[in-house]
Structures are given as C-alpha cells and as structure tokens.
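One structure below.
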Amino acid sequence: MARPDRNVFVCAQQRPPGHPRGCCAAVGGQAVLQAFWKEQQARQAYEQVGITYSGCLGPCDGGVNVLVFPDSVLYQRVKPEDVPEIFEKHLIGGEVVARLAASGGTW
Ligand code: FES
C-alpha cells in the first residue's frame, strides 16, 4: 500500500447525552466520515488520501472536527455537504478551505 499524500482524521467521538463537552458524534460525525469515504470511493483516491475515524481531537464545541495531515489544518463545524469542497480544493489541490479552517487560537 502506498503512503497517502494526505491523511484525514474525522472525529466520531461519542459521549453520553448531557455530557458537558458534548461530542462530534452528536453533531454528525458519522455522516461526515461517510461523506469522506464516499468521496474517496467516487474519485478512486485511495493512494492519495487516507481517511480514518478518530476519537476526540480537543475542541469539541467546534465539531464536527476534521484534521488534515501533514498540513496540520483543523476544519471545524464540518457538514457532509462541505466534504466535496475539502476533497477537491485541499486534499487533491493543496489549497486550504479558509472558511472552515480553525483560527490560530483554536489550533
Ligand atoms: S468530541 Fe470531537 S473534538 Fe472532542
């Protein structure tokens, strides 16, 4: 297996209802993860992009959180409909999607 150019970590952390930190699973983490896998499959981008579900990445109140390496870019409040843009612009094209990128103080 070739080493992917970029790796995406999608937070799918679950916590009990009412937990003070909340969780990305409660705001669509699984749907975002499925959207990334669907996009990867549609593009047959298995060698360029690695996609992995993740536990908590830290800033839970900004979920769904998505981390891209090696660029070290954190995307926040990601919805399934944002995934094609992240894929096209960043994962393939190398251009950060600024409207979804976390501010410097967060990440
Ligand atoms: S639960 Fe997703 S970042 Fe904490």
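Chain labels A, B, ... are given in the sequence in which chains occur in the structure tokens; within each chain residues are numbered consecutively from 1, and ligands are likewise numbered from 1 in the order shown.
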Set the cut-off to 6 Å, count only C-alpha atoms and all ligand atoms, and list whatever residues fall near ligand 1 as a list of chain:residue names.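 Using only C-alpha atoms and all ligand atoms, I find these residues within 6 Å of ligand 1: A:Cys11, A:Gln13, A:Cys23, A:Cys24, A:Cys56, A:Leu57, A:Gly58, A:Pro59, A:Cys60, A:Gly63, A:Asn65.
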Spatial neighbours of Leu74 in chain A, max dist 9 Å, only C-alpha atoms, sep filter under 2 positions, as number ranges by chain: A: 65-68, 72, 76, 100-103, 106-107
Might you pull out every residue within 9 Å of Arg6 in chain A, with only C-alpha atoms counted and same-chain residues fewer than 5 positions away left off, and present them as number ranges by chain? A: 48-51, 68-71, 91-92
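In this structure, CA of Tyr75 in chain A sits 14.7 Å away from CA of Ala35 in chain A.
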Write down as an MDAnalysis selection string the residues of chain A whose backbone DSSP state falls under strand (DSSP E). chainID A and resid 6:11 49:54 66:69 73:75
What would the file look like if the residues just selected were written as a PDB file, in the first residue's frame with N, CA, C and O atoms?
```
ATOM      1  N   ARG A   6      -2.009  12.760   1.814  1.00  0.00           N
ATOM      2  CA  ARG A   6      -2.637  13.419   2.960  1.00  0.00           C
ATOM      3  C   ARG A   6      -3.479  12.413   3.737  1.00  0.00           C
ATOM      4  O   ARG A   6      -4.060  11.494   3.159  1.00  0.00           O
ATOM      5  N   ASN A   7      -3.540  12.637   5.045  1.00  0.00           N
ATOM      6  CA  ASN A   7      -4.370  11.811   5.919  1.00  0.00           C
ATOM      7  C   ASN A   7      -5.399  12.685   6.604  1.00  0.00           C
ATOM      8  O   ASN A   7      -5.079  13.765   7.102  1.00  0.00           O
ATOM      9  N   VAL A   8      -6.621  12.196   6.618  1.00  0.00           N
ATOM     10  CA  VAL A   8      -7.744  12.925   7.203  1.00  0.00           C
ATOM     11  C   VAL A   8      -8.231  12.146   8.422  1.00  0.00           C
ATOM     12  O   VAL A   8      -8.498  10.945   8.321  1.00  0.00           O
ATOM     13  N   PHE A   9      -8.365  12.851   9.533  1.00  0.00           N
ATOM     14  CA  PHE A   9      -8.886  12.236  10.748  1.00  0.00           C
ATOM     15  C   PHE A   9     -10.214  12.923  11.079  1.00  0.00           C
ATOM     16  O   PHE A   9     -10.246  14.126  11.335  1.00  0.00           O
ATOM     17  N   VAL A  10     -11.264  12.151  11.086  1.00  0.00           N
ATOM     18  CA  VAL A  10     -12.610  12.687  11.312  1.00  0.00           C
ATOM     19  C   VAL A  10     -13.053  12.269  12.707  1.00  0.00           C
ATOM     20  O   VAL A  10     -13.140  11.075  13.012  1.00  0.00           O
ATOM     21  N   CYS A  11     -13.343  13.233  13.544  1.00  0.00           N
ATOM     22  CA  CYS A  11     -13.765  12.902  14.913  1.00  0.00           C
ATOM     23  C   CYS A  11     -15.162  12.301  14.903  1.00  0.00           C
ATOM     24  O   CYS A  11     -16.108  12.920  14.422  1.00  0.00           O
ATOM     25  N   VAL A  49      -5.224   9.800  -0.628  1.00  0.00           N
ATOM     26  CA  VAL A  49      -5.857  10.286   0.604  1.00  0.00           C
ATOM     27  C   VAL A  49      -6.192   9.110   1.519  1.00  0.00           C
ATOM     28  O   VAL A  49      -6.862   8.155   1.101  1.00  0.00           O
ATOM     29  N   GLY A  50      -5.754   9.210   2.765  1.00  0.00           N
ATOM     30  CA  GLY A  50      -6.129   8.247   3.783  1.00  0.00           C
ATOM     31  C   GLY A  50      -7.207   8.857   4.672  1.00  0.00           C
ATOM     32  O   GLY A  50      -7.123  10.034   5.028  1.00  0.00           O
ATOM     33  N   ILE A  51      -8.211   8.074   5.022  1.00  0.00           N
ATOM     34  CA  ILE A  51      -9.311   8.588   5.846  1.00  0.00           C
ATOM     35  C   ILE A  51      -9.505   7.652   7.032  1.00  0.00           C
ATOM     36  O   ILE A  51      -9.671   6.441   6.853  1.00  0.00           O
ATOM     37  N   THR A  52      -9.487   8.221   8.214  1.00  0.00           N
ATOM     38  CA  THR A  52      -9.558   7.433   9.438  1.00  0.00           C
ATOM     39  C   THR A  52     -10.503   8.101  10.411  1.00  0.00           C
ATOM     40  O   THR A  52     -10.477   9.328  10.544  1.00  0.00           O
ATOM     41  N   TYR A  53     -11.336   7.298  11.091  1.00  0.00           N
ATOM     42  CA  TYR A  53     -12.138   7.888  12.154  1.00  0.00           C
ATOM     43  C   TYR A  53     -11.265   8.094  13.383  1.00  0.00           C
ATOM     44  O   TYR A  53     -10.299   7.384  13.602  1.00  0.00           O
ATOM     45  N   SER A  54     -11.642   9.075  14.159  1.00  0.00           N
ATOM     46  CA  SER A  54     -10.809   9.487  15.280  1.00  0.00           C
ATOM     47  C   SER A  54     -11.657   9.651  16.537  1.00  0.00           C
ATOM     48  O   SER A  54     -12.857   9.920  16.463  1.00  0.00           O
ATOM     49  N   VAL A  66     -12.296  17.991  11.875  1.00  0.00           N
ATOM     50  CA  VAL A  66     -11.596  17.168  10.877  1.00  0.00           C
ATOM     51  C   VAL A  66     -10.170  17.689  10.792  1.00  0.00           C
ATOM     52  O   VAL A  66      -9.947  18.876  10.538  1.00  0.00           O
ATOM     53  N   LEU A  67      -9.215  16.794  10.967  1.00  0.00           N
ATOM     54  CA  LEU A  67      -7.809  17.181  10.982  1.00  0.00           C
ATOM     55  C   LEU A  67      -7.111  16.604   9.752  1.00  0.00           C
ATOM     56  O   LEU A  67      -7.283  15.426   9.425  1.00  0.00           O
ATOM     57  N   VAL A  68      -6.349  17.455   9.073  1.00  0.00           N
ATOM     58  CA  VAL A  68      -5.639  17.028   7.861  1.00  0.00           C
ATOM     59  C   VAL A  68      -4.136  17.122   8.095  1.00  0.00           C
ATOM     60  O   VAL A  68      -3.611  18.188   8.438  1.00  0.00           O
ATOM     61  N   PHE A  69      -3.465  15.994   7.895  1.00  0.00           N
ATOM     62  CA  PHE A  69      -2.006  15.930   7.954  1.00  0.00           C
ATOM     63  C   PHE A  69      -1.460  15.525   6.594  1.00  0.00           C
ATOM     64  O   PHE A  69      -2.158  14.819   5.856  1.00  0.00           O
ATOM     65  N   VAL A  73      -3.903  21.096   9.440  1.00  0.00           N
ATOM     66  CA  VAL A  73      -5.048  22.010   9.341  1.00  0.00           C
ATOM     67  C   VAL A  73      -6.249  21.349  10.015  1.00  0.00           C
ATOM     68  O   VAL A  73      -6.566  20.187   9.737  1.00  0.00           O
ATOM     69  N   LEU A  74      -6.897  22.117  10.904  1.00  0.00           N
ATOM     70  CA  LEU A  74      -8.108  21.619  11.556  1.00  0.00           C
ATOM     71  C   LEU A  74      -9.308  22.332  10.950  1.00  0.00           C
ATOM     72  O   LEU A  74      -9.371  23.572  10.957  1.00  0.00           O
ATOM     73  N   TYR A  75     -10.245  21.550  10.440  1.00  0.00           N
ATOM     74  CA  TYR A  75     -11.519  22.102   9.972  1.00  0.00           C
ATOM     75  C   TYR A  75     -12.569  21.892  11.051  1.00  0.00           C
ATOM     76  O   TYR A  75     -12.589  20.847  11.707  1.00  0.00           O
TER      77      TYR A  75
END
```
Sel. of alpha helix (DSSP H) residues, range 22-93 of chain A, as a PyMOL selection string: chain A and resi 29-43+83-85
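Going from CA of Asp82 in chain A to CA of Gln44 in chain A covers 18.8 Å.
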What does the structure give for the distance between CA of Gln34 in chain A and CA of Lys89 in chain A, in Å to one decimal? 18.7 Å
Considering only C-alpha atoms, can you say which of A:Gly62, A:Pro4, A:Pro16, A:Val78 comes closest to Gln30 in chain A? A:Val78
